[in-house]
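Here is the structure we will look at, set down as structure tokens.
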Amino acid sequence: MDLALLDQTLRERGEPAFRARQVWEWTARGAAGYEAMTNLPRALRSELESAVPFSTLAVETERESRDGTVKTLFRTADGHPVEAVLMRYRDGRRSLCLSSQSGCPLTCTFCATGAMAFGRNLSASEILDQALHFRRLTELDHCVFMGMGEPMLNLDEVLAAARRLPDLGITHRRTTISTVGWMPGLRRFVDEVDEPIRLALSLHAPDDELRSRTMPVNERYPIVDVVAECRRQAQMTRRRVFVEYVMLAGVNDAPEQARALADLLGRDHFKVNLIPYNPWAASAGGKATGARPNTPPTTAGGLYEGSSRDRIAAFRHELGRARVPVTVRLTRGRDIEAACGQLAAAPRIGRSARSRAGAAT
Ligand code: SAH
């Protein structure tokens, strides 16, 4: 729901100030539409129906995985694709993965979203409408901004959305914003956000040389600066920053790289989350096969191989020996291309006209 349009419409009708709050409360609790809002005058309900579309997003397709994960492809009113995922766990946890942009201007080589065309930033209402869609299906308790896009390139809208999530049942402590380390947004996040929203850093390499190869953004913002800024957040909030590390066979998964990572991070301020690589190119069933034709594996392809379980276990062991907290992420929704890094709703178009690392300014 376009909340600015809602305010404006109510104001123009001369409605009392509490109306917007009433509408929002119903919506946040999963109401199916204006019709359900029984404490609103009937005439107002039908007027809102035509003046303020109940969602800014239209559902295009929805797929459910064998493990209960649901991936939904939405379209914005101006036609941009947006994907979001609901993960349901056996212990009852219901976790959302939301997109902050349609596509992504960064071009991390292992990420499917990075291979599609960048559309635009999403508005706070478009971000919230992803969550509200799932709220109409089920209760929710966790949210990660780990879908399409880089949240720190769209921080104001992401924060405006995150600040309303408690009304849907998702507290700030159970909300995580993940970043590649886009410094302007990251600095603002550390300085300005008072709510206990969790920060996560997509690191994926212990040194600049390797990280620049897999994540071109690293050439702009080197590891020392990004890690120092995240450490500042951990010290200020007394909560660990989560470090995401996708395990790529023969690329970043050697035991000495684990030791370098431990030296870089130390014991006190970070918790490492090792992520099994989720394939998305030719091997994932061809969904993104057109994305980077004829690129050999492990160069600019996205055609990496995931590390073996043994290799992940050995990496984890090294971090553990250095007393760095570490977990291995469960992969969910792989069969519907809803797993980490697989969100890419449209083929890559127009990328050749743009400079790779310089696309976002
Ligand atoms: N741009 C932000 C938000 C996206 S989060 C960020 O990068 O943090 C998406 C997470 O999934 C990131 O940690 C990303 O590195 C990871 N990821 C991307 N592609 C992946 C893949 N193919 N397999 C597993 N994880 C992947």
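Chains: A, B, ... in order of the structure tokens. Residues: from 1 per chain. Ligands: from 1, in order shown.
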Kindly assemble as a Markdown table a list of the chain A residues that lie within 7 Å of ligand 1, each paired with its nearest atom pair and their distance in Å to one decimal, using only C-alpha atoms and all ligand atoms, sorted first by chain and then by ascending residue number.
```
| residue | atom | partner | partner_atom_place_in_ligand_line | distance |
| --- | --- | --- | --- | --- |
| A:Phe110 | CA | ligand 1 | 19 (N) | 5.0 |
| A:Cys111 | CA | ligand 1 | 19 (N) | 3.4 |
| A:Ala112 | CA | ligand 1 | 19 (N) | 6.2 |
| A:Phe145 | CA | ligand 1 | 3 (C) | 6.1 |
| A:Met146 | CA | ligand 1 | 5 (S) | 3.4 |
| A:Gly147 | CA | ligand 1 | 4 (C) | 5.2 |
| A:Met148 | CA | ligand 1 | 4 (C) | 5.8 |
| A:Gly149 | CA | ligand 1 | 1 (N) | 5.1 |
| A:Glu150 | CA | ligand 1 | 1 (N) | 3.7 |
| A:Pro151 | CA | ligand 1 | 2 (C) | 6.3 |
| A:Ser178 | CA | ligand 1 | 8 (O) | 4.1 |
| A:Thr179 | CA | ligand 1 | 8 (O) | 3.6 |
| A:Val180 | CA | ligand 1 | 7 (O) | 4.5 |
| A:Ala200 | CA | ligand 1 | 8 (O) | 6.9 |
| A:Leu201 | CA | ligand 1 | 8 (O) | 5.9 |
| A:Ser202 | CA | ligand 1 | 13 (O) | 4.4 |
| A:Glu244 | CA | ligand 1 | 13 (O) | 5.2 |
| A:Tyr245 | CA | ligand 1 | 13 (O) | 6.8 |
| A:Val246 | CA | ligand 1 | 25 (N) | 5.3 |
| A:Ile275 | CA | ligand 1 | 24 (C) | 5.8 |
| A:Pro276 | CA | ligand 1 | 24 (C) | 5.9 |
| A:Tyr277 | CA | ligand 1 | 23 (N) | 3.8 |
| A:Asn278 | CA | ligand 1 | 23 (N) | 3.7 |
| A:Pro279 | CA | ligand 1 | 22 (N) | 5.3 |
| A:Trp280 | CA | ligand 1 | 22 (N) | 6.2 |
| A:Cys340 | CA | ligand 1 | 25 (N) | 4.3 |
| A:Gly341 | CA | ligand 1 | 19 (N) | 3.0 |
| A:Gln342 | CA | ligand 1 | 22 (N) | 5.8 |
```
| said: Report as a count of residues only all protein, DNA and RNA residues lying within 9 Å of Met247 in chain A, evaluated on only C-alpha atoms, omitting residues in the same chain fewer than 6 positions from it. | reply: 12
| field | Between CA of Ser125 in chain A and CA of Asp2 in chain A, distance in Å (one decimal) | value |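 So the two atoms, CA of Ser125 in chain A and CA of Asp2 in chain A, lie 5.4 Å apart.
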| query | Interatomic distance between CA of Asp129 in chain A and CA of Arg90 in chain A? | reply |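 Taking CA of Asp129 in chain A as the start and CA of Arg90 in chain A as the end point, the length is 25.5 Å.
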| request: List every residue of range 215-272 of chain A that DSSP, applied to the backbone of this structure, assigns to alpha helix (DSSP H), and report them as a list in words. | output: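 Reading the DSSP output for range 215-272 of chain A, alpha helix (DSSP H) covers Ile223, Val224, Asp225, Val226, Val227, Ala228, Glu229, Cys230, Arg231, Arg232, Gln233, Ala234, Gln235, Met236, Thr237, Pro255, Glu256, Gln257, Ala258, Arg259, Ala260, Leu261, Ala262, Asp263, Leu264 and Leu265 of chain A.
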Would you write out those residues with N, CA and C atoms, as a PDB file, in the first residue's frame?
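This went into selection.pdb:
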```pdb
ATOM      1  N   ILE A 223      38.713  -3.818   2.167  1.00  0.00           N
ATOM      2  CA  ILE A 223      38.316  -4.604   3.334  1.00  0.00           C
ATOM      3  C   ILE A 223      38.605  -3.909   4.666  1.00  0.00           C
ATOM      4  N   VAL A 224      39.799  -3.351   4.845  1.00  0.00           N
ATOM      5  CA  VAL A 224      40.112  -2.766   6.174  1.00  0.00           C
ATOM      6  C   VAL A 224      39.094  -1.731   6.599  1.00  0.00           C
ATOM      7  N   ASP A 225      38.686  -0.891   5.638  1.00  0.00           N
ATOM      8  CA  ASP A 225      37.747   0.180   5.986  1.00  0.00           C
ATOM      9  C   ASP A 225      36.377  -0.388   6.337  1.00  0.00           C
ATOM     10  N   VAL A 226      35.945  -1.354   5.529  1.00  0.00           N
ATOM     11  CA  VAL A 226      34.621  -1.932   5.729  1.00  0.00           C
ATOM     12  C   VAL A 226      34.567  -2.688   7.058  1.00  0.00           C
ATOM     13  N   VAL A 227      35.594  -3.480   7.310  1.00  0.00           N
ATOM     14  CA  VAL A 227      35.608  -4.257   8.559  1.00  0.00           C
ATOM     15  C   VAL A 227      35.706  -3.323   9.765  1.00  0.00           C
ATOM     16  N   ALA A 228      36.496  -2.248   9.636  1.00  0.00           N
ATOM     17  CA  ALA A 228      36.617  -1.300  10.754  1.00  0.00           C
ATOM     18  C   ALA A 228      35.265  -0.649  11.060  1.00  0.00           C
ATOM     19  N   GLU A 229      34.523  -0.323  10.009  1.00  0.00           N
ATOM     20  CA  GLU A 229      33.220   0.316  10.218  1.00  0.00           C
ATOM     21  C   GLU A 229      32.241  -0.662  10.891  1.00  0.00           C
ATOM     22  N   CYS A 230      32.290  -1.912  10.473  1.00  0.00           N
ATOM     23  CA  CYS A 230      31.415  -2.918  11.087  1.00  0.00           C
ATOM     24  C   CYS A 230      31.815  -3.158  12.547  1.00  0.00           C
ATOM     25  N   ARG A 231      33.130  -3.141  12.801  1.00  0.00           N
ATOM     26  CA  ARG A 231      33.592  -3.329  14.188  1.00  0.00           C
ATOM     27  C   ARG A 231      33.090  -2.179  15.058  1.00  0.00           C
ATOM     28  N   ARG A 232      33.087  -0.956  14.480  1.00  0.00           N
ATOM     29  CA  ARG A 232      32.577   0.198  15.221  1.00  0.00           C
ATOM     30  C   ARG A 232      31.107  -0.029  15.610  1.00  0.00           C
ATOM     31  N   GLN A 233      30.351  -0.604  14.678  1.00  0.00           N
ATOM     32  CA  GLN A 233      28.939  -0.877  14.979  1.00  0.00           C
ATOM     33  C   GLN A 233      28.823  -1.899  16.111  1.00  0.00           C
ATOM     34  N   ALA A 234      29.644  -2.946  16.042  1.00  0.00           N
ATOM     35  CA  ALA A 234      29.591  -3.992  17.069  1.00  0.00           C
ATOM     36  C   ALA A 234      29.959  -3.407  18.437  1.00  0.00           C
ATOM     37  N   GLN A 235      30.953  -2.519  18.458  1.00  0.00           N
ATOM     38  CA  GLN A 235      31.370  -1.939  19.735  1.00  0.00           C
ATOM     39  C   GLN A 235      30.298  -1.018  20.303  1.00  0.00           C
ATOM     40  N   MET A 236      29.678  -0.235  19.415  1.00  0.00           N
ATOM     41  CA  MET A 236      28.642   0.686  19.878  1.00  0.00           C
ATOM     42  C   MET A 236      27.408  -0.039  20.383  1.00  0.00           C
ATOM     43  N   THR A 237      27.036  -1.108  19.694  1.00  0.00           N
ATOM     44  CA  THR A 237      25.777  -1.785  20.028  1.00  0.00           C
ATOM     45  C   THR A 237      25.991  -2.967  20.970  1.00  0.00           C
ATOM     46  N   PRO A 255      42.063 -23.828   4.239  1.00  0.00           N
ATOM     47  CA  PRO A 255      42.281 -23.616   5.675  1.00  0.00           C
ATOM     48  C   PRO A 255      43.104 -22.355   5.975  1.00  0.00           C
ATOM     49  N   GLU A 256      44.098 -22.061   5.128  1.00  0.00           N
ATOM     50  CA  GLU A 256      44.870 -20.840   5.428  1.00  0.00           C
ATOM     51  C   GLU A 256      44.026 -19.587   5.218  1.00  0.00           C
ATOM     52  N   GLN A 257      43.026 -19.683   4.328  1.00  0.00           N
ATOM     53  CA  GLN A 257      42.119 -18.535   4.175  1.00  0.00           C
ATOM     54  C   GLN A 257      41.223 -18.384   5.419  1.00  0.00           C
ATOM     55  N   ALA A 258      40.878 -19.523   6.018  1.00  0.00           N
ATOM     56  CA  ALA A 258      40.111 -19.449   7.275  1.00  0.00           C
ATOM     57  C   ALA A 258      40.948 -18.780   8.360  1.00  0.00           C
ATOM     58  N   ARG A 259      42.238 -19.103   8.400  1.00  0.00           N
ATOM     59  CA  ARG A 259      43.097 -18.477   9.418  1.00  0.00           C
ATOM     60  C   ARG A 259      43.245 -16.982   9.155  1.00  0.00           C
ATOM     61  N   ALA A 260      43.370 -16.629   7.881  1.00  0.00           N
ATOM     62  CA  ALA A 260      43.456 -15.197   7.549  1.00  0.00           C
ATOM     63  C   ALA A 260      42.162 -14.481   7.937  1.00  0.00           C
ATOM     64  N   LEU A 261      41.055 -15.150   7.725  1.00  0.00           N
ATOM     65  CA  LEU A 261      39.761 -14.561   8.092  1.00  0.00           C
ATOM     66  C   LEU A 261      39.680 -14.363   9.602  1.00  0.00           C
ATOM     67  N   ALA A 262      40.137 -15.357  10.344  1.00  0.00           N
ATOM     68  CA  ALA A 262      40.123 -15.254  11.810  1.00  0.00           C
ATOM     69  C   ALA A 262      40.993 -14.085  12.275  1.00  0.00           C
ATOM     70  N   ASP A 263      42.166 -13.924  11.663  1.00  0.00           N
ATOM     71  CA  ASP A 263      43.051 -12.802  12.026  1.00  0.00           C
ATOM     72  C   ASP A 263      42.381 -11.465  11.729  1.00  0.00           C
ATOM     73  N   LEU A 264      41.708 -11.418  10.599  1.00  0.00           N
ATOM     74  CA  LEU A 264      41.048 -10.179  10.180  1.00  0.00           C
ATOM     75  C   LEU A 264      39.929  -9.792  11.151  1.00  0.00           C
ATOM     76  N   LEU A 265      39.136 -10.781  11.567  1.00  0.00           N
ATOM     77  CA  LEU A 265      37.916 -10.488  12.313  1.00  0.00           C
ATOM     78  C   LEU A 265      38.118 -10.477  13.823  1.00  0.00           C
TER      79      LEU A 265
END
```
Residues near Val85 in chain A, anyone? I mean within 8 Å using only C-alpha atoms, not counting same-chain ones fewer than 6 positions away, as a short mmCIF file (atom, residue, chain, number, x, y, z; two decimals) with N, CA, C and O atoms, in the first residue's frame.
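Once written, result_11.cif looks like this:
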```cif
data_model
loop_
_atom_site.label_atom_id
_atom_site.label_comp_id
_atom_site.auth_asym_id
_atom_site.auth_seq_id
_atom_site.Cartn_x
_atom_site.Cartn_y
_atom_site.Cartn_z
N THR A 69 9.44 -23.59 1.77
CA THR A 69 9.85 -22.24 1.37
C THR A 69 8.96 -21.75 0.23
O THR A 69 8.65 -22.51 -0.68
N VAL A 70 8.57 -20.48 0.30
CA VAL A 70 7.74 -19.91 -0.77
C VAL A 70 8.49 -18.75 -1.40
O VAL A 70 8.98 -17.86 -0.70
N LYS A 71 8.61 -18.76 -2.71
CA LYS A 71 9.22 -17.63 -3.42
C LYS A 71 8.17 -16.95 -4.29
O LYS A 71 7.48 -17.62 -5.05
N THR A 72 8.05 -15.66 -4.15
CA THR A 72 7.06 -14.91 -4.92
C THR A 72 7.76 -13.90 -5.82
O THR A 72 8.65 -13.18 -5.38
N LEU A 96 11.38 -13.96 6.69
CA LEU A 96 11.23 -13.35 5.37
C LEU A 96 12.57 -12.91 4.83
O LEU A 96 13.42 -12.44 5.58
N CYS A 97 12.74 -13.02 3.53
CA CYS A 97 13.91 -12.45 2.86
C CYS A 97 13.38 -11.44 1.85
O CYS A 97 12.67 -11.81 0.91
N LEU A 98 13.68 -10.15 2.09
CA LEU A 98 13.09 -9.07 1.28
C LEU A 98 14.11 -8.44 0.35
O LEU A 98 15.30 -8.39 0.64
N GLY A 147 17.47 -10.18 -0.05
CA GLY A 147 16.95 -10.51 -1.37
C GLY A 147 17.73 -9.74 -2.44
O GLY A 147 18.93 -9.56 -2.32
N ALA A 338 15.08 -20.39 -4.93
CA ALA A 338 14.79 -19.36 -3.93
C ALA A 338 15.92 -19.25 -2.91
O ALA A 338 15.82 -18.49 -1.95
#
```
| request: Apply DSSP to the backbone of this structure and, from range 68-148 of chain A, keep only the residues in strand (DSSP E or B); write these as a PyMOL selection string. | output: chain A and resi 70-76+81-88+94-97+101-102+120-121+142-145
| message | Counting only C-alpha atoms, which residue out of A:Arg321, A:Arg66, A:Arg163, A:Arg88 sits closest to Val193 in chain A? | response | A:Arg163
| message | Give me the residues near Ile197 in chain A as a PyMOL selection string, where near means some atom within 7 Å (using only C-alpha atoms) and where sequence neighbours in that chain fewer than 4 positions away do not count. | response | chain A and resi 172-173+175-176
How would the residues just chosen look if you wrote them out with N, CA and C atoms as an mmCIF file, in the first residue's frame?
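Contents of again.cif, freshly written:
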```
data_model
loop_
_atom_site.group_PDB
_atom_site.id
_atom_site.type_symbol
_atom_site.label_atom_id
_atom_site.label_comp_id
_atom_site.auth_asym_id
_atom_site.auth_seq_id
_atom_site.Cartn_x
_atom_site.Cartn_y
_atom_site.Cartn_z
ATOM 1 N N HIS A 172 12.807 -5.422 15.894
ATOM 2 C CA HIS A 172 14.080 -4.964 15.331
ATOM 3 C C HIS A 172 15.190 -5.972 15.601
ATOM 4 N N ARG A 173 15.172 -6.593 16.768
ATOM 5 C CA ARG A 173 16.212 -7.570 17.088
ATOM 6 C C ARG A 173 16.168 -8.767 16.147
ATOM 7 N N THR A 175 15.428 -8.408 12.951
ATOM 8 C CA THR A 175 15.569 -7.847 11.603
ATOM 9 C C THR A 175 17.054 -7.683 11.304
ATOM 10 N N THR A 176 17.478 -8.130 10.141
ATOM 11 C CA THR A 176 18.892 -8.038 9.755
ATOM 12 C C THR A 176 19.011 -7.354 8.403
#
```
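Among the candidates A:Thr214, A:Gln8, A:Thr138, A:Asn252, the one nearest to Arg29 in chain A when counting only C-alpha atoms is A:Thr138.
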| Exercise: Ala36 in chain A partners within 12 Å, only C-alpha atoms, chain neighbours under 3 positions left out, as a list in words | Gln22, Val23, Glu25, Trp26, Thr27, Arg29, Gly30, Ala31, Ala32, Gly33, Asn39, Leu40, Pro41, Arg42, Arg45, Ser46, Glu49 and Phe54 of chain A
| Of the candidates A:Val272, A:Leu319, A:Met215, A:Ala313, which shows the shortest atom-to-atom distance to Gly114 in chain A, using only C-alpha atoms? |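 Of all the options, A:Met215 lies closest to Gly114 in chain A.
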